[in-house]
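input_10.txt (compact mmCIF, C-alpha atoms and all ligand atoms) appears below.
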```txt
# COMPACT_ATOMS: atom_id res chain seq x y z
CA MET A 1 -19.88 -11.54 17.75
CA HIS A 2 -22.69 -13.52 16.20
CA GLN A 3 -23.22 -16.54 14.01
CA LEU A 4 -24.33 -15.87 10.50
CA SER A 5 -27.87 -17.13 9.97
CA ARG A 6 -29.13 -18.53 6.68
CA PRO A 7 -30.62 -15.71 4.62
CA ALA A 8 -34.39 -15.62 4.37
CA ARG A 9 -35.90 -16.83 1.09
CA ARG A 10 -35.37 -14.03 -1.42
CA ARG A 11 -34.65 -13.36 -5.05
CA ILE A 12 -31.18 -14.46 -6.13
CA ASN A 13 -29.26 -11.81 -8.05
CA SER A 14 -27.07 -12.46 -11.06
CA PHE A 15 -23.81 -12.31 -9.11
CA GLU A 16 -25.07 -14.88 -6.61
CA MET A 17 -26.10 -17.12 -9.50
CA PHE A 18 -22.64 -16.67 -11.01
CA GLU A 19 -21.02 -17.41 -7.64
CA ALA A 20 -23.01 -20.59 -7.17
CA CYS A 21 -22.02 -21.77 -10.68
CA VAL A 22 -18.34 -20.99 -10.04
CA ALA A 23 -18.43 -22.70 -6.64
CA CYS A 24 -20.10 -25.82 -8.15
CA SER A 25 -17.56 -25.95 -10.97
CA ILE A 26 -14.60 -25.68 -8.60
CA ILE A 27 -16.02 -28.41 -6.36
CA ILE A 28 -16.43 -30.69 -9.39
CA ILE A 29 -12.90 -29.92 -10.67
CA VAL A 30 -11.19 -30.58 -7.33
CA SER A 31 -13.39 -33.55 -6.38
CA PRO A 32 -10.58 -36.10 -7.07
CA ILE A 33 -8.69 -34.42 -4.21
CA PHE A 34 -11.68 -35.05 -1.96
CA VAL A 35 -11.29 -38.79 -2.62
CA ILE A 36 -7.64 -38.58 -1.46
CA ASN A 37 -8.64 -36.54 1.62
CA GLY A 38 -11.32 -39.13 2.40
CA ILE A 39 -8.83 -42.00 2.12
CA LEU A 40 -6.38 -40.15 4.42
CA ALA A 41 -9.16 -39.62 6.97
CA ALA A 42 -10.09 -43.33 6.79
CA ILE A 43 -6.42 -44.37 7.26
CA ASN A 44 -6.22 -42.14 10.34
CA GLY A 45 -9.52 -43.48 11.65
CA SER A 46 -11.08 -40.04 11.84
CA PRO A 47 -14.45 -38.84 10.55
CA TYR A 48 -14.40 -37.83 6.88
CA LEU A 49 -15.53 -34.30 7.59
CA ARG A 50 -15.69 -32.09 10.63
CA GLN A 51 -17.59 -28.92 11.40
CA SER A 52 -15.44 -25.83 11.75
CA ILE A 53 -16.10 -22.19 12.49
CA ILE A 54 -14.44 -19.26 10.78
CA GLN A 55 -14.90 -15.60 11.65
CA ASP A 56 -14.95 -12.69 9.23
CA ALA A 57 -13.29 -9.30 9.77
CA VAL A 58 -16.27 -7.87 11.62
CA GLY A 59 -16.75 -10.87 13.91
CA ARG A 60 -19.51 -12.84 12.14
CA GLN A 61 -19.06 -16.58 12.49
CA ILE A 62 -19.56 -19.04 9.64
CA VAL A 63 -19.99 -22.75 10.26
CA PHE A 64 -18.53 -24.85 7.46
CA LEU A 65 -17.41 -28.39 6.66
CA GLN A 66 -13.68 -29.05 6.65
CA TRP A 67 -11.53 -32.02 5.67
CA PRO A 68 -9.46 -33.08 8.69
CA TYR A 69 -6.62 -34.41 6.49
CA GLY A 70 -5.15 -33.79 3.05
CA ILE A 71 -4.93 -30.67 0.93
CA LEU A 72 -7.39 -27.87 0.15
CA LYS A 73 -8.97 -28.62 3.54
CA ASN A 74 -11.18 -25.51 3.46
CA THR A 75 -12.51 -25.99 -0.07
CA LEU A 76 -15.94 -26.95 1.23
CA LEU A 77 -16.44 -23.30 2.20
CA LEU A 78 -17.65 -23.23 -1.41
CA LEU A 79 -20.77 -25.08 -0.20
CA ASN A 80 -21.48 -22.00 1.94
CA VAL A 81 -21.15 -19.90 -1.20
CA ILE A 82 -23.71 -22.10 -2.95
CA ARG A 83 -26.02 -21.81 0.08
CA GLY A 84 -25.61 -18.04 0.00
CA ASP A 85 -24.12 -17.74 3.53
CA ILE A 86 -20.98 -16.18 2.16
CA SER A 87 -19.92 -14.61 -1.08
CA LEU A 88 -17.00 -15.18 -3.41
CA CYS A 89 -16.12 -11.56 -2.75
CA GLY A 90 -16.99 -9.67 0.44
CA VAL A 91 -15.71 -9.00 3.95
CA SER A 92 -12.33 -10.59 4.63
CA LEU A 93 -12.22 -13.99 6.31
CA LYS A 94 -8.50 -13.59 6.96
CA HIS A 95 -7.88 -10.17 8.47
CA ALA A 96 -9.75 -8.81 11.50
CA CYS A 97 -10.99 -5.22 11.31
CA HIS A 98 -9.96 -3.35 14.45
CA ASP A 99 -10.01 0.18 13.24
CA ASP A 100 -13.61 1.18 12.86
CA ALA A 101 -16.67 0.83 15.04
CA LEU A 102 -19.02 1.29 12.06
CA ALA A 103 -17.63 -1.61 10.05
CA PRO A 104 -19.52 -4.35 11.98
CA LEU A 105 -22.78 -2.85 10.70
CA THR A 106 -21.99 -3.79 7.12
CA SER A 107 -24.56 -5.53 4.96
CA LEU A 108 -21.75 -6.97 2.86
CA LYS A 109 -21.47 -10.75 3.22
CA PRO A 110 -18.23 -12.43 4.27
CA GLY A 111 -16.22 -13.35 1.18
CA LEU A 112 -13.48 -15.73 0.05
CA PHE A 113 -11.93 -12.74 -1.74
CA SER A 114 -11.99 -9.24 -0.27
CA LEU A 115 -10.98 -5.75 -1.30
CA HIS A 116 -8.94 -5.43 1.89
CA GLY A 117 -7.16 -8.72 1.19
CA GLN A 118 -6.37 -7.58 -2.35
CA ARG A 119 -5.01 -4.25 -1.12
CA GLN A 120 -2.93 -6.03 1.52
CA LEU A 121 -1.15 -7.95 -1.24
CA ILE A 122 0.45 -4.73 -2.48
CA GLY A 123 0.48 -3.00 0.90
CA ASN A 124 -1.98 -0.31 -0.21
CA ILE A 125 -2.48 2.21 2.65
CA GLU A 126 -5.06 4.52 1.07
CA MET A 127 -7.92 3.39 3.33
CA THR A 128 -8.35 1.77 6.73
CA HIS A 129 -9.93 -1.69 6.84
CA GLY A 130 -13.26 -0.20 7.97
CA GLU A 131 -13.21 2.37 5.16
CA THR A 132 -12.38 -0.38 2.67
CA ILE A 133 -15.40 -2.42 3.78
CA ARG A 134 -17.69 0.59 3.42
CA PHE A 135 -16.18 1.47 0.04
CA HIS A 136 -16.80 -2.09 -1.15
CA GLU A 137 -20.35 -1.97 0.19
CA SER A 138 -21.12 1.24 -1.70
CA HIS A 139 -19.59 -0.06 -4.96
CA ASN A 140 -20.86 -3.62 -4.63
CA SER A 141 -21.68 -4.84 -8.13
CA PHE A 142 -20.98 -7.76 -10.43
CA HIS A 143 -18.14 -5.95 -12.20
CA PHE A 144 -16.63 -4.55 -9.04
CA ASN A 145 -16.47 -7.97 -7.39
CA LEU A 146 -15.14 -9.58 -10.54
CA SER A 147 -12.39 -6.95 -10.72
CA ILE A 148 -11.40 -7.55 -7.08
CA MET A 149 -11.05 -11.27 -7.77
CA ALA A 150 -9.06 -10.69 -10.97
CA LYS A 151 -6.74 -8.19 -9.23
CA THR A 152 -6.23 -10.55 -6.29
CA LEU A 153 -5.19 -13.41 -8.58
CA LEU A 154 -2.90 -11.09 -10.56
CA CYS A 155 -1.25 -9.63 -7.44
CA HIS A 156 -0.81 -13.14 -6.01
CA ALA A 157 0.98 -14.17 -9.18
CA ILE A 158 3.26 -11.09 -9.23
CA TYR A 159 3.94 -10.22 -5.62
CA GLN A 160 3.26 -13.42 -3.65
CA GLY A 161 5.55 -13.65 -0.62
CA ASN A 162 3.21 -14.17 2.29
CA ALA A 163 5.39 -16.85 3.85
CA LEU A 164 8.45 -14.58 3.98
CA PRO A 165 9.69 -12.93 7.19
CA THR A 166 9.04 -9.23 7.89
CA PRO A 167 12.23 -7.90 9.53
CA SER A 168 12.13 -4.26 10.66
CA THR A 169 14.84 -3.28 8.14
CA PHE A 170 16.37 -4.86 5.06
CA ASN A 171 19.06 -4.06 2.55
CA LEU A 172 18.36 -3.48 -1.14
CA PHE A 173 21.47 -2.84 -3.27
CA GLY A 174 23.27 -1.23 -0.32
CA ILE A 175 20.29 0.88 0.80
CA LYS A 176 18.94 0.23 4.28
CA ILE A 177 15.14 0.32 4.05
CA HIS A 178 12.76 0.42 7.02
CA ASN A 179 10.01 -2.15 6.67
CA ALA A 180 7.50 0.13 8.39
CA THR A 181 3.72 0.37 8.37
CA ALA A 182 2.07 3.68 7.50
CA LYS A 183 0.92 4.00 11.11
CA SER A 184 4.39 3.56 12.61
CA ALA A 185 5.91 5.91 10.00
CA VAL A 186 3.35 8.63 10.77
CA ASP A 187 3.84 8.16 14.52
CA THR A 188 7.61 8.55 14.10
CA ILE A 189 7.17 11.65 11.93
CA LEU A 190 4.70 13.37 14.24
CA SER A 191 6.24 12.47 17.57
CA ALA A 192 9.82 13.50 16.74
CA PRO A 193 11.17 16.02 19.29
CA LYS A 194 12.04 19.52 18.09
CA GLU A 195 15.67 19.44 19.32
CA THR A 196 17.04 17.48 16.36
CA CYS A 197 15.60 17.43 12.88
CA ARG A 198 14.85 13.86 11.66
CA SER A 199 14.91 13.00 7.97
CA VAL A 200 12.53 10.67 6.15
CA PHE A 201 13.06 9.50 2.56
CA PHE A 202 11.17 7.22 0.18
CA VAL A 203 12.92 4.70 -2.03
CA ASN A 204 11.44 3.52 -5.32
CA VAL A 205 12.85 1.81 -8.42
CA ASN A 206 14.20 5.12 -9.73
CA SER A 207 16.01 5.82 -6.45
CA VAL A 208 17.61 2.37 -6.50
CA ASN A 209 18.77 2.87 -10.11
CA ILE A 210 20.29 6.25 -9.18
CA ALA A 211 21.87 4.89 -5.98
CA VAL A 212 23.59 2.04 -7.83
CA ARG A 213 25.72 4.56 -9.75
CA ASN A 214 25.78 7.47 -7.28
CA ASN A 215 27.57 6.76 -3.99
CA ALA A 216 26.82 10.21 -2.58
CA PHE A 217 23.10 9.52 -3.02
CA THR A 218 23.38 6.06 -1.40
CA SER A 219 25.17 7.60 1.53
CA ALA A 220 22.52 10.36 1.85
CA LEU A 221 19.84 7.65 1.96
CA ASN A 222 21.74 5.63 4.55
CA ASN A 223 22.32 8.69 6.74
CA ALA A 224 18.55 9.32 6.93
CA ASP A 225 16.60 8.51 10.06
CA MET A 226 13.98 6.56 8.14
CA VAL A 227 13.88 5.26 4.55
CA LEU A 228 10.49 3.94 3.45
CA ALA A 229 9.61 1.51 0.66
CA ASP A 230 7.65 3.15 -2.14
CA GLY A 231 6.04 1.10 -4.87
CA SER A 232 5.65 -2.34 -6.31
CA GLY A 233 9.24 -2.44 -7.62
CA VAL A 234 10.61 -2.26 -4.08
CA ARG A 235 8.09 -4.95 -3.07
CA LEU A 236 9.55 -7.21 -5.77
CA GLY A 237 13.07 -6.25 -4.64
CA ALA A 238 12.24 -7.06 -1.03
CA ARG A 239 10.85 -10.43 -2.08
CA ARG A 240 14.08 -11.13 -3.97
CA MET A 241 15.95 -10.34 -0.73
CA GLY A 242 13.71 -12.85 1.08
CA VAL A 243 11.62 -10.20 2.83
CA LYS A 244 7.90 -9.43 2.84
CA LEU A 245 7.13 -5.72 2.77
CA ARG A 246 4.62 -4.74 5.41
CA GLU A 247 3.07 -1.88 3.44
CA ASN A 248 3.67 0.33 0.45
CA VAL A 249 4.46 3.53 2.31
CA ASN A 250 4.73 6.08 -0.51
CA GLY A 251 4.60 9.84 0.05
CA THR A 252 1.38 10.45 -1.86
CA ASP A 253 -0.61 7.97 0.21
CA LEU A 254 1.12 8.91 3.47
CA LEU A 255 0.44 12.65 3.17
CA PRO A 256 -3.27 12.45 4.14
CA HIS A 257 -2.28 10.53 7.29
CA ILE A 258 0.38 13.16 8.08
CA CYS A 259 -2.05 16.06 7.48
CA LYS A 260 -4.72 14.42 9.63
CA GLY A 261 -2.25 13.77 12.47
CA ALA A 262 -0.61 17.20 12.17
CA SER A 263 -4.02 18.95 12.31
CA LYS A 264 -4.96 16.97 15.44
CA ARG A 265 -1.66 17.68 17.19
CA LYS A 266 -1.48 21.29 15.95
CA LEU A 267 1.82 20.74 14.13
CA SER A 268 2.58 23.07 11.24
CA ILE A 269 4.00 22.21 7.82
CA PHE A 270 6.42 24.07 5.52
CA MET A 271 6.22 23.18 1.82
CA LEU A 272 9.49 23.55 -0.08
CA GLY A 273 9.80 22.64 -3.75
CA SER A 274 8.23 22.38 -7.22
CA ALA A 275 7.80 25.21 -9.70
CA PRO A 276 6.58 28.60 -8.36
CA GLY A 277 2.84 28.48 -7.57
CA VAL A 278 2.54 24.67 -7.44
CA ALA A 279 3.03 24.26 -3.67
CA GLU A 280 0.57 27.15 -3.08
CA LYS A 281 -2.09 25.30 -5.06
CA ALA A 282 -1.34 22.04 -3.26
CA ALA A 283 -1.52 23.83 0.12
CA LYS A 284 -4.92 25.26 -0.76
CA ASN A 285 -6.24 21.82 -1.68
CA LEU A 286 -4.84 20.28 1.50
CA GLN A 287 -6.41 23.00 3.65
CA GLN A 288 -9.73 22.46 1.93
CA GLN A 289 -9.60 18.84 3.09
CA TRP A 290 -8.13 19.58 6.54
CA PRO A 291 -9.26 23.12 7.48
CA GLN A 292 -7.28 22.96 10.75
CA LEU A 293 -4.02 22.26 8.91
CA ASP A 294 -1.42 24.94 9.62
CA ILE A 295 0.79 25.67 6.60
CA ALA A 296 3.64 27.66 8.16
CA GLY A 297 5.31 28.67 4.88
CA ILE A 298 5.91 27.88 1.21
CA HIS A 299 8.92 28.27 -1.10
CA HIS A 300 9.48 26.97 -4.64
CA GLY A 301 12.30 24.52 -5.39
CA TYR A 302 14.15 26.43 -8.10
CA PHE A 303 16.74 28.27 -6.05
CA ASP A 304 20.54 27.96 -6.15
CA LYS A 305 21.13 24.88 -3.98
CA ASN A 306 24.66 26.14 -3.18
CA HIS A 307 23.20 29.27 -1.59
CA SER A 308 20.41 27.94 0.60
CA ASP A 309 20.82 30.21 3.65
CA GLU A 310 17.85 32.38 2.79
CA VAL A 311 15.56 29.35 2.41
CA ILE A 312 16.83 27.80 5.64
CA ASP A 313 16.25 31.07 7.53
CA MET A 314 12.75 31.22 6.10
CA ILE A 315 11.92 27.67 7.27
CA ASN A 316 13.33 28.32 10.76
CA ALA A 317 11.55 31.67 11.06
CA SER A 318 8.24 30.06 10.09
CA GLY A 319 8.30 27.94 13.27
CA ALA A 320 7.25 24.89 11.21
CA ASP A 321 7.32 21.44 12.79
CA ILE A 322 7.50 19.44 9.57
CA CYS A 323 9.06 20.37 6.21
CA LEU A 324 8.06 18.62 2.97
CA VAL A 325 10.77 18.88 0.29
CA ALA A 326 9.67 18.26 -3.30
CA MET A 327 12.71 18.74 -5.53
CA GLY A 328 13.10 15.28 -7.09
CA SER A 329 15.81 12.66 -6.49
CA PRO A 330 18.73 12.84 -5.86
CA VAL A 331 18.66 16.65 -5.39
CA GLN A 332 16.18 16.68 -2.49
CA GLU A 333 17.87 13.91 -0.47
CA GLN A 334 21.32 15.46 -0.88
CA TRP A 335 19.97 18.90 0.02
CA VAL A 336 18.38 17.46 3.16
CA GLU A 337 21.58 15.65 4.13
CA SER A 338 23.59 18.88 3.78
CA HIS A 339 21.18 21.19 5.64
CA GLN A 340 19.29 19.01 8.11
CA HIS A 341 21.55 20.13 10.99
CA GLN A 342 20.70 23.81 10.34
CA LEU A 343 16.94 23.31 10.62
CA ASN A 344 14.99 23.89 13.86
CA ILE A 345 12.12 21.57 12.95
CA ARG A 346 11.02 18.08 13.98
CA THR A 347 11.04 16.21 10.69
CA ILE A 348 12.00 16.83 7.07
CA ILE A 349 10.45 14.55 4.45
CA ALA A 350 11.58 14.28 0.81
CA VAL A 351 8.43 13.80 -1.25
CA GLY A 352 9.40 14.05 -4.96
CA GLY A 353 6.55 15.01 -7.26
CA LEU A 354 3.91 15.06 -4.53
CA PHE A 355 3.01 18.77 -4.83
CA ASP A 356 2.35 18.24 -8.55
CA PHE A 357 -0.28 15.63 -7.64
CA TYR A 358 -1.88 17.54 -4.80
CA SER A 359 -1.98 20.78 -6.79
CA GLY A 360 -3.94 18.91 -9.46
CA ASN A 361 -1.28 19.79 -12.10
CA ILE A 362 -0.57 16.11 -12.70
CA ARG A 363 -3.30 13.50 -12.45
CA ARG A 364 -2.80 10.40 -10.34
CA ALA A 365 -3.37 6.98 -11.86
CA PRO A 366 -6.91 5.60 -11.51
CA PRO A 367 -7.47 3.41 -8.42
CA TRP A 368 -7.48 0.12 -10.34
CA MET A 369 -3.94 0.83 -11.62
CA ARG A 370 -2.74 1.76 -8.14
CA GLU A 371 -4.35 -1.39 -6.76
CA ILE A 372 -2.20 -3.66 -8.92
CA GLY A 373 0.97 -1.63 -8.37
CA MET A 374 1.06 -0.24 -11.94
CA GLU A 375 0.83 3.50 -11.24
CA TRP A 376 4.09 4.00 -13.13
CA ILE A 377 2.41 3.08 -16.45
CA PHE A 378 0.02 5.99 -15.99
CA ARG A 379 2.85 8.39 -15.10
CA LEU A 380 4.64 7.29 -18.26
CA LEU A 381 1.52 7.94 -20.33
CA MET A 382 1.08 11.38 -18.72
CA GLU A 383 4.68 12.50 -19.27
CA PRO A 384 6.15 10.16 -21.92
CA ARG A 385 9.21 12.30 -22.69
CA ALA A 386 10.12 13.23 -19.12
CA LYS A 387 9.61 9.71 -17.77
CA PHE A 388 10.90 7.63 -20.72
CA ASN A 389 14.34 6.96 -19.27
CA ARG A 390 13.03 6.42 -15.77
CA TYR A 391 10.45 3.79 -16.67
CA VAL A 392 11.12 2.36 -20.15
CA MET A 393 14.85 2.02 -19.55
CA GLY A 394 14.93 2.02 -15.76
CA ASN A 395 12.36 -0.65 -14.96
CA PRO A 396 13.84 -3.45 -17.11
CA LEU A 397 17.30 -2.48 -15.84
CA TYR A 398 16.08 -2.79 -12.27
CA LEU A 399 14.52 -6.20 -12.97
CA LEU A 400 17.79 -7.35 -14.56
CA ARG A 401 19.70 -6.12 -11.52
CA LEU A 402 17.34 -8.06 -9.29
CA ALA A 403 17.58 -11.19 -11.43
CA PHE A 404 21.41 -11.20 -11.33
CA TYR A 405 21.73 -10.09 -7.72
CA ASN A 406 23.47 -12.57 -5.42
CA ARG A 407 21.38 -12.49 -2.33
CA PRO A 408 23.31 -12.49 0.94
CA THR A 409 22.38 -15.29 3.35
CA SER A 410 21.33 -12.86 6.11
CA HIS A 411 19.47 -9.52 5.91
N1 LIG A 501 11.99 20.30 -8.70
C1 LIG A 501 12.33 21.36 -7.91
N2 LIG A 501 13.60 21.89 -8.00
C2 LIG A 501 14.53 21.35 -8.80
C3 LIG A 501 14.19 20.22 -9.60
C4 LIG A 501 12.90 19.71 -9.51
O1 LIG A 501 11.52 21.86 -7.13
O2 LIG A 501 15.65 21.86 -8.82
C5 LIG A 501 10.63 19.74 -8.56
C6 LIG A 501 9.86 19.55 -9.85
O3 LIG A 501 9.22 20.77 -10.22
C7 LIG A 501 8.86 18.47 -9.43
C8 LIG A 501 9.63 17.67 -8.38
O4 LIG A 501 10.75 18.46 -8.04
O5 LIG A 501 7.75 19.07 -8.81
C9 LIG A 501 10.20 16.34 -8.89
O6 LIG A 501 9.21 15.53 -9.33
P1 LIG A 501 9.53 14.06 -9.85
O7 LIG A 501 8.30 13.57 -10.49
O8 LIG A 501 10.80 13.99 -10.60
O9 LIG A 501 9.77 13.34 -8.46
P2 LIG A 501 9.63 11.84 -8.03
O10 LIG A 501 8.42 11.78 -7.19
O11 LIG A 501 9.49 11.01 -9.24
O12 LIG A 501 10.92 11.62 -7.29
```

As structure tokens, what does this structure read like?
Amino acid sequence: MHQLSRPARRRINSFEMFEACVACSIIIIVSPIFVINGILAAINGSPYLRQSIIQDAVGRQIVFLQWPYGILKNTLLLLNVIRGDISLCGVSLKHACHDDALAPLTSLKPGLFSLHGQRQLIGNIEMTHGETIRFHESHNSFHFNLSIMAKTLLCHAIYQGNALPTPSTFNLFGIKIHNATAKSAVDTILSAPKETCRSVFFVNVNSVNIAVRNNAFTSALNNADMVLADGSGVRLGARRMGVKLRENVNGTDLLPHICKGASKRKLSIFMLGSAPGVAEKAAKNLQQQWPQLDIAGIHHGYFDKNHSDEVIDMINASGADICLVAMGSPVQEQWVESHQHQLNIRTIIAVGGLFDFYSGNIRRAPPWMREIGMEWIFRLLMEPRAKFNRYVMGNPLYLLRLAFYNRPTSH
């Protein structure tokens, strides 16, 4: 841990000039508040300002002036921006980085806004905190920083809910959802014993819309061992229920963590679902990224679901530990509910269109869309006919349902 020293005299770049101008402007705009804070300090007989220390994610300390009373007490951190000690956008001053020994070596300054902080607002689990810092460092530019700040403000406006509690489960339209982190979900998936097969499902806006009119689907979801929150719609739903979602634990972002963990622990994976050839392509891509990954078997998802014995025998004979089922909702969840007891595996996970993404057949939304929770717009643009009902009709319907939902007093 060390205190941040004033930078040596050097050329100021355009972003630093911009930052200093923004910081000056904000200080001028909020200066009437400083008068009130000063009066409050005088009434309480305390000094007008005190010196405080704040620490960034990698343990660097910043000394700054703070108002002891009033509002916007930390606004004078902007003076540190003007001095060049910190940046408007850099390493988080709010969240410590525990996950990566390399992160403390960053040349990125501490920042009032951070990429990690922005990703936390929508529970993005694509990178660890250390990886996020290094990604920011390698993309550090005027536009990149500006986009982080814009996305942070946008996500605050849409998904704010930081003050809400984070219970371990909550109920959304009769579906019990586990408010898990990616890490705890992966641990549960990988450490399940082989005696009984555990089921893991993901719930998104489409699942909720189906569940509202399909009791069999709701019951399949509620009989699962773990139901995870997938997407910004469920984040909004959780907020409406008075709950803050810990993370956005969707299948596409969770799969790399599962593959990494499975490779380490020598657990094998069976891939069931999608059109013939798609899972094979996805498996090849996954094994390119994780050469130790053991794919125990593959089967497409277009078989007669009423005659599944052959498929079940194939999964059991493969000796797989984990089965990924990609047959779309509600088919995959109901299939899992009906056949889970026949499977000699540790965990079965329903993953929807995941093989289509990992095979490269369908492109994923660009990062900036994922970072503001708008991946669905891209999916709609990619498959307008197939996804019209789901998104153009389904999303407003879901928002209406949320708006008119009478929230129970307890979770
Ligand atoms: N699918 C399947 N068998 C079926 C119906 C669908 O294997 O009987 C596959 C389909 O090819 C696609 C996936 O299930 O790969 C469903 O993708 P979708 O985008 O609908 O899933 P989501 O992630 O949106 O739930």

- Task: Check which residues fall inside 9 Å of ligand LIG 501 (chain A) when counting only C-alpha atoms and all ligand atoms, and print them as a PyMOL selection string.
- Result: chain A and resi 202-204+206-207+251-252+272-276+278-279+300-305+325-332+350-357+379+386-387+390

- May I have the protein, DNA and RNA residues with an atom at most 9 Å from (-7.1, 21.8, 8.3), counting all atoms listed in the file in the file's coordinates, returned as a PyMOL selection string? chain A and resi 259-260+262-264+286-295

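For the choices A:Ala20, A:Ala57, A:Leu267, A:Leu245, the atom-to-atom distance to Phe170 in chain A is smallest for A:Leu245 when using all atoms listed in the file.
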
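Summary of the local environment: counting only C-alpha atoms, residues at most 12 Å from Ala42 in chain A, other than itself and those fewer than 5 positions away along its chain, are Val35, Ile36, Asn37, Pro47, Tyr48, Leu49, Trp67, Pro68, Tyr69 and Gly70 of chain A.
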
Could the residues in this selection be saved with C-alpha atoms as a PDB file, in the frame of the given file?
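This is the output file again-v4.pdb:
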```pdb
ATOM      1  CA  VAL A  35     -11.290 -38.790  -2.620  1.00  0.00           C
ATOM      2  CA  ILE A  36      -7.640 -38.580  -1.460  1.00  0.00           C
ATOM      3  CA  ASN A  37      -8.640 -36.540   1.620  1.00  0.00           C
ATOM      4  CA  PRO A  47     -14.450 -38.840  10.550  1.00  0.00           C
ATOM      5  CA  TYR A  48     -14.400 -37.830   6.880  1.00  0.00           C
ATOM      6  CA  LEU A  49     -15.530 -34.300   7.590  1.00  0.00           C
ATOM      7  CA  TRP A  67     -11.530 -32.020   5.670  1.00  0.00           C
ATOM      8  CA  PRO A  68      -9.460 -33.080   8.690  1.00  0.00           C
ATOM      9  CA  TYR A  69      -6.620 -34.410   6.490  1.00  0.00           C
ATOM     10  CA  GLY A  70      -5.150 -33.790   3.050  1.00  0.00           C
TER      11      GLY A  70
END
```

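Across the structure, CA of Gln51 in chain A and CA of Leu93 in chain A are spaced 16.7 Å apart.
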
Go through range 355-401 of chain A residue by residue and, counting only C-alpha atoms, keep those with an atom at most 8 Å from range 119-129 of chain A; for each kept residue give the shortest atom pair and its distance in Å to one decimal, ordered by chain and increasing number, as a tab-separated table.
```
residue	atom	partner	partner_atom	distance
A:Glu371	CA	A:Arg119	CA	6.4
A:Ile372	CA	A:Ile122	CA	7.0
A:Gly373	CA	A:Ile122	CA	6.7
```

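Each of A:Asn179, A:Ser138, A:Gln160, A:Thr347 was checked against Phe270 in chain A using only C-alpha atoms; the smallest atom-to-atom distance is that of A:Thr347.
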
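Proximity ranking of A:Ile27, A:Ile210, A:Ile312, A:Ile189 relative to His339 in chain A places A:Ile312 first, based on all atoms listed in the file.
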
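For the atom pair formed by CA of Asn389 in chain A and CA of Ala403 in chain A, the distance is 20.0 Å, given to one decimal.
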
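If you measure from each of A:Ile349, A:Leu402, A:Leu79, A:Ile175 to Ala220 in chain A using only C-alpha atoms, the closest one turns out to be A:Ile175.
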
- All residues 10 Å or closer to Thr188 in chain A, only C-alpha atoms, same chain fewer than 2 positions away omitted, as a ChimeraX atom specification: /A:182-186,190-193,198,200,225-226,347

- Message: With all atoms listed in the file as the counted atoms, please give the residues lying no more than 9 Å from Thr169 in chain A, apart from itself and same-chain residues fewer than 2 positions off, as a list in words.
- Response: Thr166, Pro167, Asn171, Lys176, Ile177, His178, Asn179, Ala180 and His411 of chain A

- Task: Please identify all polymer residues within 10 Å of Thr106 in chain A, counting all atoms listed in the file, omitting same-chain residues fewer than 3 positions from it, and present them as a list in words.
- Result: Val58, Val91, Leu102, Ala103, Lys109, Pro110, Gly130, Ile133, Arg134, His136 and Glu137 of chain A

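Straight-line separation from CA of Ser147 in chain A to CA of Gly117 in chain A: 13.1 Å.
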
- Which residue gives the smallest distance to Trp376 in chain A among A:Gly45, A:Gly242, A:Gly261, A:Gly233, with only C-alpha atoms counted? A:Gly233

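Shortest atom-to-atom contact with Ala320 in chain A among A:Val249, A:Leu221, A:Val243, A:Ile345: A:Ile345, counting all atoms listed in the file.
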
Taking all listed atoms of range 255-261 of chain A, build the axis-aligned box, pad each of the six sides by 5 Å, then write its centre and edge lengths in Å to one decimal as JSON.
```
{"center_x": -2.1, "center_y": 13.3, "center_z": 7.8, "size_x": 15.2, "size_y": 15.5, "size_z": 19.3}
```

- Query: Hey, what's within 12 Å of Ile158 in chain A if we count all atoms listed in the file and toss same-chain stuff fewer than 3 positions away? As a list in words, please?
  - Reply: Leu121, Ile122, Lys151, Thr152, Leu153, Leu154, Cys155, Gly161, Asn162, Ser232, Gly233, Arg235, Leu236, Gly237, Arg239, Ile372, Gly373 and Met374 of chain A
